[in-house]
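Quick look at input_13.cif (mmCIF, N, CA and C atoms and all ligand atoms):
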data_start
loop_
_atom_site.label_atom_id
_atom_site.label_comp_id
_atom_site.auth_asym_id
_atom_site.auth_seq_id
_atom_site.Cartn_x
_atom_site.Cartn_y
_atom_site.Cartn_z
N MET X 189 7.88 -54.79 54.09
CA MET X 189 7.47 -56.16 53.72
C MET X 189 7.28 -57.02 54.98
N LYS X 190 6.26 -57.84 54.98
CA LYS X 190 6.00 -58.72 56.13
C LYS X 190 7.06 -59.84 56.16
N LYS X 191 7.28 -60.34 57.38
CA LYS X 191 8.27 -61.40 57.57
C LYS X 191 7.62 -62.55 58.36
N ILE X 192 7.65 -63.73 57.78
CA ILE X 192 6.99 -64.89 58.41
C ILE X 192 8.00 -66.03 58.59
N LEU X 193 8.00 -66.58 59.79
CA LEU X 193 8.84 -67.74 60.09
C LEU X 193 8.03 -69.01 59.84
N ILE X 194 8.65 -69.97 59.14
CA ILE X 194 7.97 -71.23 58.84
C ILE X 194 8.80 -72.37 59.42
N ILE X 195 8.26 -73.03 60.43
CA ILE X 195 8.99 -74.09 61.14
C ILE X 195 8.43 -75.45 60.72
N ASN X 196 9.32 -76.36 60.42
CA ASN X 196 8.93 -77.73 60.07
C ASN X 196 9.60 -78.73 61.00
N GLY X 197 8.81 -79.66 61.49
CA GLY X 197 9.30 -80.61 62.48
C GLY X 197 9.85 -81.89 61.87
N PRO X 198 9.93 -82.94 62.68
CA PRO X 198 10.63 -84.17 62.31
C PRO X 198 10.03 -84.87 61.10
N ASN X 199 10.95 -85.44 60.33
CA ASN X 199 10.64 -86.25 59.14
C ASN X 199 10.15 -85.44 57.94
N LEU X 200 9.95 -84.15 58.12
CA LEU X 200 9.52 -83.35 56.97
C LEU X 200 10.70 -83.11 56.02
N ASN X 201 11.93 -83.33 56.51
CA ASN X 201 13.11 -83.30 55.63
C ASN X 201 13.14 -84.54 54.72
N MET X 202 12.27 -85.51 54.99
CA MET X 202 12.23 -86.73 54.17
C MET X 202 11.07 -86.70 53.16
N LEU X 203 10.39 -85.59 53.06
CA LEU X 203 9.32 -85.49 52.05
C LEU X 203 9.92 -85.76 50.67
N GLY X 204 9.12 -86.38 49.82
CA GLY X 204 9.64 -86.80 48.52
C GLY X 204 9.91 -88.29 48.52
N LEU X 205 10.50 -88.75 49.66
CA LEU X 205 10.79 -90.18 49.82
C LEU X 205 9.76 -90.83 50.73
N ARG X 206 9.24 -90.03 51.61
CA ARG X 206 8.45 -90.53 52.71
C ARG X 206 6.97 -90.69 52.32
N GLU X 207 6.44 -91.90 52.42
CA GLU X 207 5.02 -92.18 52.16
C GLU X 207 4.43 -91.25 51.09
N PRO X 208 4.91 -91.36 49.84
CA PRO X 208 4.42 -90.43 48.80
C PRO X 208 2.91 -90.52 48.57
N GLU X 209 2.32 -91.69 48.91
CA GLU X 209 0.88 -91.83 48.73
C GLU X 209 0.11 -90.94 49.71
N VAL X 210 0.77 -90.56 50.80
CA VAL X 210 0.14 -89.67 51.79
C VAL X 210 0.58 -88.21 51.57
N TYR X 211 1.89 -88.03 51.36
CA TYR X 211 2.45 -86.67 51.37
C TYR X 211 2.81 -86.13 49.99
N GLY X 212 2.66 -86.95 48.95
CA GLY X 212 3.01 -86.49 47.61
C GLY X 212 4.49 -86.66 47.33
N SER X 213 4.93 -86.19 46.16
CA SER X 213 6.31 -86.43 45.73
C SER X 213 7.22 -85.22 45.90
N ASP X 214 6.67 -84.08 46.31
CA ASP X 214 7.50 -82.89 46.49
C ASP X 214 8.40 -83.03 47.72
N THR X 215 9.62 -82.53 47.60
CA THR X 215 10.48 -82.42 48.77
C THR X 215 10.10 -81.14 49.52
N LEU X 216 10.65 -80.99 50.73
CA LEU X 216 10.39 -79.76 51.49
C LEU X 216 10.93 -78.55 50.73
N GLU X 217 12.07 -78.74 50.07
CA GLU X 217 12.66 -77.66 49.27
C GLU X 217 11.74 -77.30 48.09
N ASP X 218 11.13 -78.32 47.45
CA ASP X 218 10.16 -78.04 46.37
C ASP X 218 9.00 -77.21 46.92
N ILE X 219 8.53 -77.58 48.11
CA ILE X 219 7.39 -76.87 48.71
C ILE X 219 7.80 -75.43 49.04
N ARG X 220 9.03 -75.27 49.55
CA ARG X 220 9.50 -73.91 49.88
C ARG X 220 9.56 -73.05 48.60
N LEU X 221 10.15 -73.60 47.54
CA LEU X 221 10.28 -72.82 46.30
C LEU X 221 8.92 -72.49 45.71
N TRP X 222 8.01 -73.46 45.73
CA TRP X 222 6.67 -73.24 45.18
C TRP X 222 5.92 -72.17 45.99
N THR X 223 6.00 -72.32 47.32
CA THR X 223 5.28 -71.37 48.18
C THR X 223 5.85 -69.97 48.01
N ASP X 224 7.18 -69.89 48.03
CA ASP X 224 7.81 -68.57 47.91
C ASP X 224 7.50 -67.93 46.55
N SER X 225 7.40 -68.75 45.51
CA SER X 225 7.10 -68.19 44.19
C SER X 225 5.68 -67.61 44.14
N LYS X 226 4.79 -68.16 44.95
CA LYS X 226 3.40 -67.67 44.97
C LYS X 226 3.26 -66.35 45.73
N ILE X 227 4.16 -66.13 46.71
CA ILE X 227 3.94 -64.98 47.60
C ILE X 227 5.13 -64.03 47.65
N LYS X 228 6.07 -64.19 46.72
CA LYS X 228 7.40 -63.58 46.90
C LYS X 228 7.43 -62.07 47.07
N SER X 229 6.58 -61.35 46.35
CA SER X 229 6.70 -59.90 46.47
C SER X 229 5.98 -59.36 47.70
N LEU X 230 5.25 -60.22 48.38
CA LEU X 230 4.41 -59.76 49.49
C LEU X 230 5.01 -60.03 50.85
N VAL X 231 5.85 -61.06 50.94
CA VAL X 231 6.31 -61.48 52.25
C VAL X 231 7.68 -62.16 52.15
N GLU X 232 8.49 -61.92 53.16
CA GLU X 232 9.76 -62.63 53.26
C GLU X 232 9.53 -63.82 54.17
N THR X 233 9.93 -65.01 53.72
CA THR X 233 9.76 -66.20 54.56
C THR X 233 11.12 -66.74 54.97
N ILE X 234 11.20 -67.15 56.23
CA ILE X 234 12.41 -67.81 56.74
C ILE X 234 11.99 -69.22 57.09
N TRP X 235 12.60 -70.22 56.42
CA TRP X 235 12.21 -71.62 56.63
C TRP X 235 13.23 -72.29 57.54
N PHE X 236 12.70 -73.09 58.48
CA PHE X 236 13.54 -73.80 59.44
C PHE X 236 12.99 -75.22 59.59
N GLN X 237 13.87 -76.20 59.60
CA GLN X 237 13.42 -77.59 59.83
C GLN X 237 14.34 -78.23 60.85
N SER X 238 13.76 -78.99 61.77
CA SER X 238 14.55 -79.77 62.71
C SER X 238 13.80 -81.04 63.09
N ASN X 239 14.59 -82.09 63.34
CA ASN X 239 14.01 -83.34 63.83
C ASN X 239 13.98 -83.39 65.35
N LEU X 240 14.51 -82.34 65.99
CA LEU X 240 14.68 -82.36 67.44
C LEU X 240 13.72 -81.40 68.14
N GLU X 241 13.00 -81.93 69.09
CA GLU X 241 11.99 -81.14 69.80
C GLU X 241 12.60 -79.88 70.44
N GLY X 242 13.75 -80.08 71.13
CA GLY X 242 14.39 -78.95 71.83
C GLY X 242 14.83 -77.86 70.87
N GLU X 243 15.29 -78.26 69.69
CA GLU X 243 15.71 -77.25 68.70
C GLU X 243 14.52 -76.45 68.22
N ILE X 244 13.40 -77.11 68.08
CA ILE X 244 12.18 -76.40 67.65
C ILE X 244 11.73 -75.43 68.75
N VAL X 245 11.78 -75.89 69.99
CA VAL X 245 11.43 -75.02 71.13
C VAL X 245 12.35 -73.79 71.13
N SER X 246 13.66 -74.02 70.96
CA SER X 246 14.62 -72.90 70.98
C SER X 246 14.38 -71.94 69.82
N ARG X 247 14.02 -72.49 68.64
CA ARG X 247 13.76 -71.60 67.48
C ARG X 247 12.52 -70.74 67.74
N ILE X 248 11.52 -71.33 68.38
CA ILE X 248 10.31 -70.55 68.70
C ILE X 248 10.66 -69.48 69.73
N GLN X 249 11.45 -69.83 70.72
CA GLN X 249 11.84 -68.85 71.74
C GLN X 249 12.61 -67.69 71.10
N LEU X 250 13.50 -68.02 70.16
CA LEU X 250 14.28 -66.99 69.47
C LEU X 250 13.35 -66.06 68.69
N ALA X 251 12.32 -66.62 68.09
CA ALA X 251 11.37 -65.82 67.31
C ALA X 251 10.72 -64.74 68.17
N HIS X 252 10.64 -65.01 69.46
CA HIS X 252 10.04 -64.03 70.38
C HIS X 252 10.84 -62.73 70.40
N THR X 253 12.16 -62.84 70.15
CA THR X 253 13.02 -61.65 70.21
C THR X 253 13.25 -61.05 68.81
N GLU X 254 12.68 -61.67 67.77
CA GLU X 254 12.90 -61.19 66.40
C GLU X 254 11.65 -60.50 65.89
N GLN X 255 11.79 -59.91 64.71
CA GLN X 255 10.69 -59.08 64.21
C GLN X 255 9.83 -59.84 63.20
N PHE X 256 9.25 -60.97 63.61
CA PHE X 256 8.37 -61.68 62.70
C PHE X 256 6.94 -61.19 62.86
N ASP X 257 6.20 -61.20 61.75
CA ASP X 257 4.80 -60.81 61.81
C ASP X 257 3.90 -61.99 62.12
N ALA X 258 4.39 -63.20 61.83
CA ALA X 258 3.57 -64.40 62.09
C ALA X 258 4.46 -65.63 62.02
N LEU X 259 3.92 -66.73 62.53
CA LEU X 259 4.61 -68.02 62.49
C LEU X 259 3.68 -69.06 61.89
N VAL X 260 4.23 -69.83 60.94
CA VAL X 260 3.52 -70.99 60.40
C VAL X 260 4.32 -72.20 60.85
N ILE X 261 3.67 -73.19 61.42
CA ILE X 261 4.40 -74.36 61.91
C ILE X 261 3.72 -75.65 61.49
N ASN X 262 4.52 -76.56 60.93
CA ASN X 262 4.10 -77.94 60.76
C ASN X 262 4.94 -78.74 61.74
N PRO X 263 4.39 -79.06 62.90
CA PRO X 263 5.20 -79.74 63.93
C PRO X 263 5.43 -81.22 63.62
N GLY X 264 4.92 -81.73 62.48
CA GLY X 264 5.06 -83.16 62.19
C GLY X 264 4.45 -83.96 63.33
N GLY X 265 5.09 -85.07 63.68
CA GLY X 265 4.58 -85.95 64.73
C GLY X 265 4.50 -85.28 66.10
N TYR X 266 5.30 -84.24 66.31
CA TYR X 266 5.25 -83.54 67.61
C TYR X 266 3.91 -82.84 67.84
N ALA X 267 3.16 -82.64 66.75
CA ALA X 267 1.84 -82.01 66.91
C ALA X 267 0.98 -82.81 67.88
N HIS X 268 1.22 -84.13 67.91
CA HIS X 268 0.35 -85.01 68.69
C HIS X 268 0.86 -85.27 70.11
N THR X 269 2.09 -84.80 70.38
CA THR X 269 2.70 -85.20 71.66
C THR X 269 3.36 -84.07 72.45
N SER X 270 3.68 -82.95 71.81
CA SER X 270 4.64 -82.03 72.45
C SER X 270 4.01 -80.91 73.28
N VAL X 271 4.00 -81.11 74.57
CA VAL X 271 3.59 -80.04 75.49
C VAL X 271 4.63 -78.91 75.42
N ALA X 272 5.91 -79.28 75.23
CA ALA X 272 6.98 -78.27 75.22
C ALA X 272 6.82 -77.31 74.04
N ILE X 273 6.48 -77.82 72.86
CA ILE X 273 6.27 -76.93 71.70
C ILE X 273 5.00 -76.11 71.91
N HIS X 274 3.96 -76.73 72.42
CA HIS X 274 2.74 -75.99 72.77
C HIS X 274 3.06 -74.81 73.68
N ASP X 275 3.84 -75.07 74.74
CA ASP X 275 4.14 -74.03 75.73
C ASP X 275 5.00 -72.92 75.12
N ALA X 276 5.93 -73.30 74.24
CA ALA X 276 6.77 -72.29 73.57
C ALA X 276 5.91 -71.41 72.67
N LEU X 277 4.96 -72.00 71.96
CA LEU X 277 4.09 -71.21 71.07
C LEU X 277 3.26 -70.21 71.87
N LYS X 278 2.89 -70.61 73.09
CA LYS X 278 2.06 -69.72 73.94
C LYS X 278 2.81 -68.44 74.32
N ILE X 279 4.16 -68.46 74.26
CA ILE X 279 4.95 -67.29 74.62
C ILE X 279 4.82 -66.19 73.56
N LEU X 280 4.58 -66.63 72.29
CA LEU X 280 4.59 -65.67 71.18
C LEU X 280 3.37 -64.76 71.21
N LYS X 281 3.58 -63.52 70.77
CA LYS X 281 2.47 -62.55 70.71
C LYS X 281 1.94 -62.41 69.28
N ILE X 282 2.61 -63.07 68.33
CA ILE X 282 2.22 -62.97 66.91
C ILE X 282 1.27 -64.12 66.56
N PRO X 283 0.49 -63.96 65.46
CA PRO X 283 -0.39 -65.07 65.05
C PRO X 283 0.40 -66.32 64.67
N VAL X 284 -0.15 -67.47 65.04
CA VAL X 284 0.47 -68.77 64.73
C VAL X 284 -0.56 -69.61 63.98
N ILE X 285 -0.18 -70.13 62.82
CA ILE X 285 -1.05 -71.08 62.12
C ILE X 285 -0.33 -72.42 62.03
N GLU X 286 -1.03 -73.47 62.45
CA GLU X 286 -0.46 -74.82 62.34
C GLU X 286 -0.92 -75.44 61.03
N VAL X 287 0.02 -76.03 60.30
CA VAL X 287 -0.35 -76.65 59.03
C VAL X 287 0.03 -78.13 59.01
N HIS X 288 -0.77 -78.89 58.29
CA HIS X 288 -0.47 -80.30 58.03
C HIS X 288 -0.75 -80.57 56.56
N LEU X 289 0.17 -81.27 55.92
CA LEU X 289 -0.04 -81.63 54.51
C LEU X 289 -1.24 -82.56 54.38
N SER X 290 -1.31 -83.53 55.28
CA SER X 290 -2.37 -84.53 55.22
C SER X 290 -3.57 -84.08 56.07
N GLN X 291 -4.69 -84.75 55.81
CA GLN X 291 -5.91 -84.47 56.59
C GLN X 291 -5.86 -85.38 57.81
N VAL X 292 -5.34 -84.85 58.91
CA VAL X 292 -5.02 -85.72 60.04
C VAL X 292 -6.24 -86.42 60.63
N TYR X 293 -7.41 -85.82 60.50
CA TYR X 293 -8.62 -86.44 61.08
C TYR X 293 -9.14 -87.62 60.27
N LYS X 294 -8.60 -87.80 59.06
CA LYS X 294 -8.97 -88.98 58.26
C LYS X 294 -7.99 -90.13 58.48
N ARG X 295 -6.97 -89.90 59.32
CA ARG X 295 -5.90 -90.88 59.50
C ARG X 295 -6.03 -91.58 60.86
N GLU X 296 -4.95 -92.20 61.31
CA GLU X 296 -4.99 -92.98 62.55
C GLU X 296 -5.48 -92.11 63.72
N GLU X 297 -6.08 -92.78 64.68
CA GLU X 297 -6.67 -92.04 65.80
C GLU X 297 -5.63 -91.24 66.60
N PHE X 298 -4.38 -91.78 66.66
CA PHE X 298 -3.38 -91.05 67.45
C PHE X 298 -3.05 -89.70 66.84
N ARG X 299 -3.44 -89.48 65.57
CA ARG X 299 -3.19 -88.18 64.95
C ARG X 299 -4.35 -87.19 65.20
N HIS X 300 -5.38 -87.66 65.85
CA HIS X 300 -6.54 -86.78 66.05
C HIS X 300 -6.35 -85.80 67.20
N THR X 301 -5.39 -86.10 68.08
CA THR X 301 -5.07 -85.15 69.15
C THR X 301 -4.01 -84.20 68.63
N LEU X 302 -4.32 -82.92 68.62
CA LEU X 302 -3.37 -81.90 68.17
C LEU X 302 -3.04 -81.01 69.36
N LEU X 303 -2.02 -81.41 70.12
CA LEU X 303 -1.64 -80.65 71.33
C LEU X 303 -1.15 -79.25 70.99
N THR X 304 -0.27 -79.17 69.98
CA THR X 304 0.32 -77.87 69.64
C THR X 304 -0.72 -76.92 69.06
N ALA X 305 -1.71 -77.47 68.38
CA ALA X 305 -2.73 -76.62 67.74
C ALA X 305 -3.54 -75.83 68.77
N LYS X 306 -3.52 -76.29 70.01
CA LYS X 306 -4.25 -75.54 71.05
C LYS X 306 -3.61 -74.19 71.30
N ALA X 307 -2.37 -74.02 70.84
CA ALA X 307 -1.68 -72.73 70.99
C ALA X 307 -1.67 -71.95 69.67
N ALA X 308 -2.40 -72.44 68.67
CA ALA X 308 -2.42 -71.76 67.36
C ALA X 308 -3.74 -71.04 67.15
N SER X 309 -3.71 -70.02 66.29
CA SER X 309 -4.96 -69.30 66.00
C SER X 309 -5.81 -70.06 65.00
N ALA X 310 -5.16 -70.86 64.14
CA ALA X 310 -5.91 -71.58 63.10
C ALA X 310 -5.12 -72.82 62.69
N ILE X 311 -5.82 -73.73 62.01
CA ILE X 311 -5.19 -74.97 61.51
C ILE X 311 -5.55 -75.13 60.04
N MET X 312 -4.58 -75.57 59.25
CA MET X 312 -4.82 -75.97 57.86
C MET X 312 -4.39 -77.41 57.78
N SER X 313 -5.25 -78.28 57.31
CA SER X 313 -4.89 -79.69 57.28
C SER X 313 -5.52 -80.35 56.06
N GLY X 314 -4.69 -81.00 55.25
CA GLY X 314 -5.24 -81.80 54.16
C GLY X 314 -5.15 -81.13 52.80
N LEU X 315 -4.52 -79.98 52.73
CA LEU X 315 -4.42 -79.29 51.44
C LEU X 315 -3.07 -79.50 50.76
N GLY X 316 -2.30 -80.48 51.25
CA GLY X 316 -0.97 -80.71 50.67
C GLY X 316 -0.12 -79.46 50.80
N LYS X 317 0.71 -79.19 49.77
CA LYS X 317 1.61 -78.03 49.87
C LYS X 317 0.84 -76.72 49.94
N GLN X 318 -0.39 -76.76 49.47
CA GLN X 318 -1.21 -75.55 49.53
C GLN X 318 -1.50 -75.13 50.97
N SER X 319 -1.36 -76.08 51.93
CA SER X 319 -1.60 -75.74 53.34
C SER X 319 -0.71 -74.56 53.74
N TYR X 320 0.56 -74.58 53.30
CA TYR X 320 1.50 -73.50 53.65
C TYR X 320 1.08 -72.19 52.97
N TYR X 321 0.82 -72.30 51.67
CA TYR X 321 0.47 -71.10 50.89
C TYR X 321 -0.82 -70.47 51.43
N ARG X 322 -1.83 -71.30 51.67
CA ARG X 322 -3.11 -70.76 52.15
C ARG X 322 -2.96 -70.14 53.53
N ALA X 323 -2.12 -70.75 54.37
CA ALA X 323 -1.89 -70.18 55.71
C ALA X 323 -1.26 -68.79 55.59
N ILE X 324 -0.25 -68.66 54.75
CA ILE X 324 0.44 -67.37 54.58
C ILE X 324 -0.53 -66.35 53.98
N GLN X 325 -1.27 -66.79 52.96
CA GLN X 325 -2.25 -65.90 52.30
C GLN X 325 -3.26 -65.37 53.31
N SER X 326 -3.74 -66.24 54.18
CA SER X 326 -4.75 -65.79 55.15
C SER X 326 -4.13 -64.82 56.16
N LEU X 327 -2.85 -65.02 56.49
CA LEU X 327 -2.18 -64.08 57.41
C LEU X 327 -2.04 -62.72 56.74
N LEU X 328 -1.75 -62.72 55.44
CA LEU X 328 -1.59 -61.44 54.73
C LEU X 328 -2.93 -60.74 54.59
N ASP X 329 -3.99 -61.51 54.34
CA ASP X 329 -5.33 -60.91 54.19
C ASP X 329 -5.80 -60.33 55.50
C1 LIG K 401 2.01 -84.17 59.26
C2 LIG K 401 0.99 -85.10 59.95
C3 LIG K 401 1.60 -85.76 61.16
O1 LIG K 401 0.67 -86.64 61.76
C4 LIG K 401 2.83 -86.55 60.78
O2 LIG K 401 3.43 -87.12 61.94
C5 LIG K 401 3.79 -85.76 60.01
C6 LIG K 401 3.28 -84.91 58.92
C7 LIG K 401 1.44 -83.57 57.97
O3 LIG K 401 2.02 -82.59 57.49
O4 LIG K 401 0.45 -84.08 57.42
O5 LIG K 401 5.00 -85.87 60.19
O6 LIG K 401 2.31 -83.10 60.14
#

Could you quickly redo this structure as structure tokens?
Ligand code: DQA
Amino acid sequence: MKKILIINGPNLNMLGLREPEVYGSDTLEDIRLWTDSKIKSLVETIWFQSNLEGEIVSRIQLAHTEQFDALVINPGGYAHTSVAIHDALKILKIPVIEVHLSQVYKREEFRHTLLTAKAASAIMSGLGKQSYYRAIQSLLD
């Protein structure tokens, strides 16, 4: 069975409460359960969330020594600022897909720069919780 690491960055632990008009009413746990129910017999997913840039960097570094087939990451706001997460992603030899619940290019201009995505093979943005599912599905295909 394939094994995929799914990393979520800052404020994604506040989904459900946070700007529901942008991100919907599902919590991150709802999204995890929904996504896992769609793909459960095909892939094992390990979900990780942190609000701290260094913890995300360390989790990516750890993934380098583990047996993951791919990484899906929603870096949250760090997508627009983090050279450190970008550099950590560059260390990995496995495919990386960056996901965003919202369509970042329809939002504020500061969200149009995706630093971390420069280290990803693909981006999913604007499909809500389906961004995670579609990313995993495309990795399996
Ligand atoms: C987000 C988009 C980011 O701009 C924002 O800072 C987030 C969530 C998304 O999933 O749409 O925290 O990554």

(request) Rank X:Leu303, X:Val287, X:Ala308, X:Leu277 by their smallest atom-to-atom distance to ligand LIG 401 (chain K), using only C-alpha atoms and all ligand atoms, and report the top residue only. (result)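 Looking only at the distances to ligand LIG 401 (chain K), the closest residue turns out to be X:Val287.
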
(request) Output the neighbourhood of ligand LIG 401 (chain K) as a count of residues only, that is, all protein and nucleic acid residues with some atom at most 5 Å from the ligand, counting all atoms listed in the file. (result) 5

(request) Can you pull out every residue within 6 Å of Ala258 (chain X), counting only C-alpha atoms, but drop anything in the same chain fewer than 3 positions away, and send it as a ChimeraX atom specification? (result) /X:192,282-284

(message) I'd like the interatomic distance between atom N of Leu193 (chain X) and atom N of Asp214 (chain X), to a tenth of an Å.
(response)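 Result for atom N of Leu193 (chain X) versus atom N of Asp214 (chain X): 22.1 Å, one decimal.
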
(request) In Å, rounded to a single decimal, give me how far atom N of His300 (chain X) is from atom C of Leu205 (chain X). (result)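 Straight-line distance from atom C of Leu205 (chain X) to atom N of His300 (chain X) works out to 21.6 Å.
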
(request) Provide the atom C of Glu297 (chain X) to CA of Gln325 (chain X) distance in Å, to one decimal place. (result)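 Computing the Euclidean distance for atom C of Glu297 (chain X) and CA of Gln325 (chain X) yields 29.3 Å.
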
Let me have the centre and edge lengths in Å, one decimal, of the box along x, y and z around every listed atom of region 286-297 of chain X with 3 Å of margin on each side, as JSON.
{"center_x": -4.5, "center_y": -83.2, "center_z": 60.5, "size_x": 15.3, "size_y": 25.5, "size_z": 18.2}

(request) Might you pull out every residue within 8 Å of region 327-329 of chain X, with all atoms listed in the file counted and same-chain residues fewer than 4 positions away left off, and present them as a list in words? (result)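 So, after excluding close chain neighbours, the residues are Leu230, Asp257, Ala258, Pro283, Tyr321, Arg322 and Ala323 of chain X.
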
With N, CA and C atoms retained, export the selected residues as a PDB file, in the frame of the given file.
ATOM      1  N   LEU X 230       5.250 -60.220  48.380  1.00  0.00           N
ATOM      2  CA  LEU X 230       4.410 -59.760  49.490  1.00  0.00           C
ATOM      3  C   LEU X 230       5.010 -60.030  50.850  1.00  0.00           C
ATOM      4  N   ASP X 257       6.200 -61.200  61.750  1.00  0.00           N
ATOM      5  CA  ASP X 257       4.800 -60.810  61.810  1.00  0.00           C
ATOM      6  C   ASP X 257       3.900 -61.990  62.120  1.00  0.00           C
ATOM      7  N   ALA X 258       4.390 -63.200  61.830  1.00  0.00           N
ATOM      8  CA  ALA X 258       3.570 -64.400  62.090  1.00  0.00           C
ATOM      9  C   ALA X 258       4.460 -65.630  62.020  1.00  0.00           C
ATOM     10  N   PRO X 283       0.490 -63.960  65.460  1.00  0.00           N
ATOM     11  CA  PRO X 283      -0.390 -65.070  65.050  1.00  0.00           C
ATOM     12  C   PRO X 283       0.400 -66.320  64.670  1.00  0.00           C
ATOM     13  N   TYR X 321       0.820 -72.300  51.670  1.00  0.00           N
ATOM     14  CA  TYR X 321       0.470 -71.100  50.890  1.00  0.00           C
ATOM     15  C   TYR X 321      -0.820 -70.470  51.430  1.00  0.00           C
ATOM     16  N   ARG X 322      -1.830 -71.300  51.670  1.00  0.00           N
ATOM     17  CA  ARG X 322      -3.110 -70.760  52.150  1.00  0.00           C
ATOM     18  C   ARG X 322      -2.960 -70.140  53.530  1.00  0.00           C
ATOM     19  N   ALA X 323      -2.120 -70.750  54.370  1.00  0.00           N
ATOM     20  CA  ALA X 323      -1.890 -70.180  55.710  1.00  0.00           C
ATOM     21  C   ALA X 323      -1.260 -68.790  55.590  1.00  0.00           C
TER      22      ALA X 323
END

(request) Check the DSSP output for the backbone and give back, as a PyMOL selection string, the residues of region 200-261 of chain X in strand (DSSP E). (result) chain X and resi 231-237+258-261

Write a file of the just-selected residues containing N, CA and C atoms, as a short mmCIF file (atom, residue, chain, number, x, y, z; two decimals), in the frame of the given file.
data_model
loop_
_atom_site.label_atom_id
_atom_site.label_comp_id
_atom_site.auth_asym_id
_atom_site.auth_seq_id
_atom_site.Cartn_x
_atom_site.Cartn_y
_atom_site.Cartn_z
N VAL X 231 5.85 -61.06 50.94
CA VAL X 231 6.31 -61.48 52.25
C VAL X 231 7.68 -62.16 52.15
N GLU X 232 8.49 -61.92 53.16
CA GLU X 232 9.76 -62.63 53.26
C GLU X 232 9.53 -63.82 54.17
N THR X 233 9.93 -65.01 53.72
CA THR X 233 9.76 -66.20 54.56
C THR X 233 11.12 -66.74 54.97
N ILE X 234 11.20 -67.15 56.23
CA ILE X 234 12.41 -67.81 56.74
C ILE X 234 11.99 -69.22 57.09
N TRP X 235 12.60 -70.22 56.42
CA TRP X 235 12.21 -71.62 56.63
C TRP X 235 13.23 -72.29 57.54
N PHE X 236 12.70 -73.09 58.48
CA PHE X 236 13.54 -73.80 59.44
C PHE X 236 12.99 -75.22 59.59
N GLN X 237 13.87 -76.20 59.60
CA GLN X 237 13.42 -77.59 59.83
C GLN X 237 14.34 -78.23 60.85
N ALA X 258 4.39 -63.20 61.83
CA ALA X 258 3.57 -64.40 62.09
C ALA X 258 4.46 -65.63 62.02
N LEU X 259 3.92 -66.73 62.53
CA LEU X 259 4.61 -68.02 62.49
C LEU X 259 3.68 -69.06 61.89
N VAL X 260 4.23 -69.83 60.94
CA VAL X 260 3.52 -70.99 60.40
C VAL X 260 4.32 -72.20 60.85
N ILE X 261 3.67 -73.19 61.42
CA ILE X 261 4.40 -74.36 61.91
C ILE X 261 3.72 -75.65 61.49
#

(message) Between X:Leu315, X:Met189, X:Ile261, X:Ala251, which residue has the minimum interatomic distance to Val292 (chain X), considering all atoms listed in the file?
(response)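 Closest candidate: X:Leu315.
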
(request) Would you kindly return, as a list in words, each protein, DNA or RNA residue with an atom no farther than 7 Å from any atom of Ala276 (chain X), considering all atoms listed in the file and excluding same-chain residues fewer than 5 positions away? (result)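 Using all atoms listed in the file, the neighbours found are Val245, Ile248, Gln249 and Val271 of chain X.
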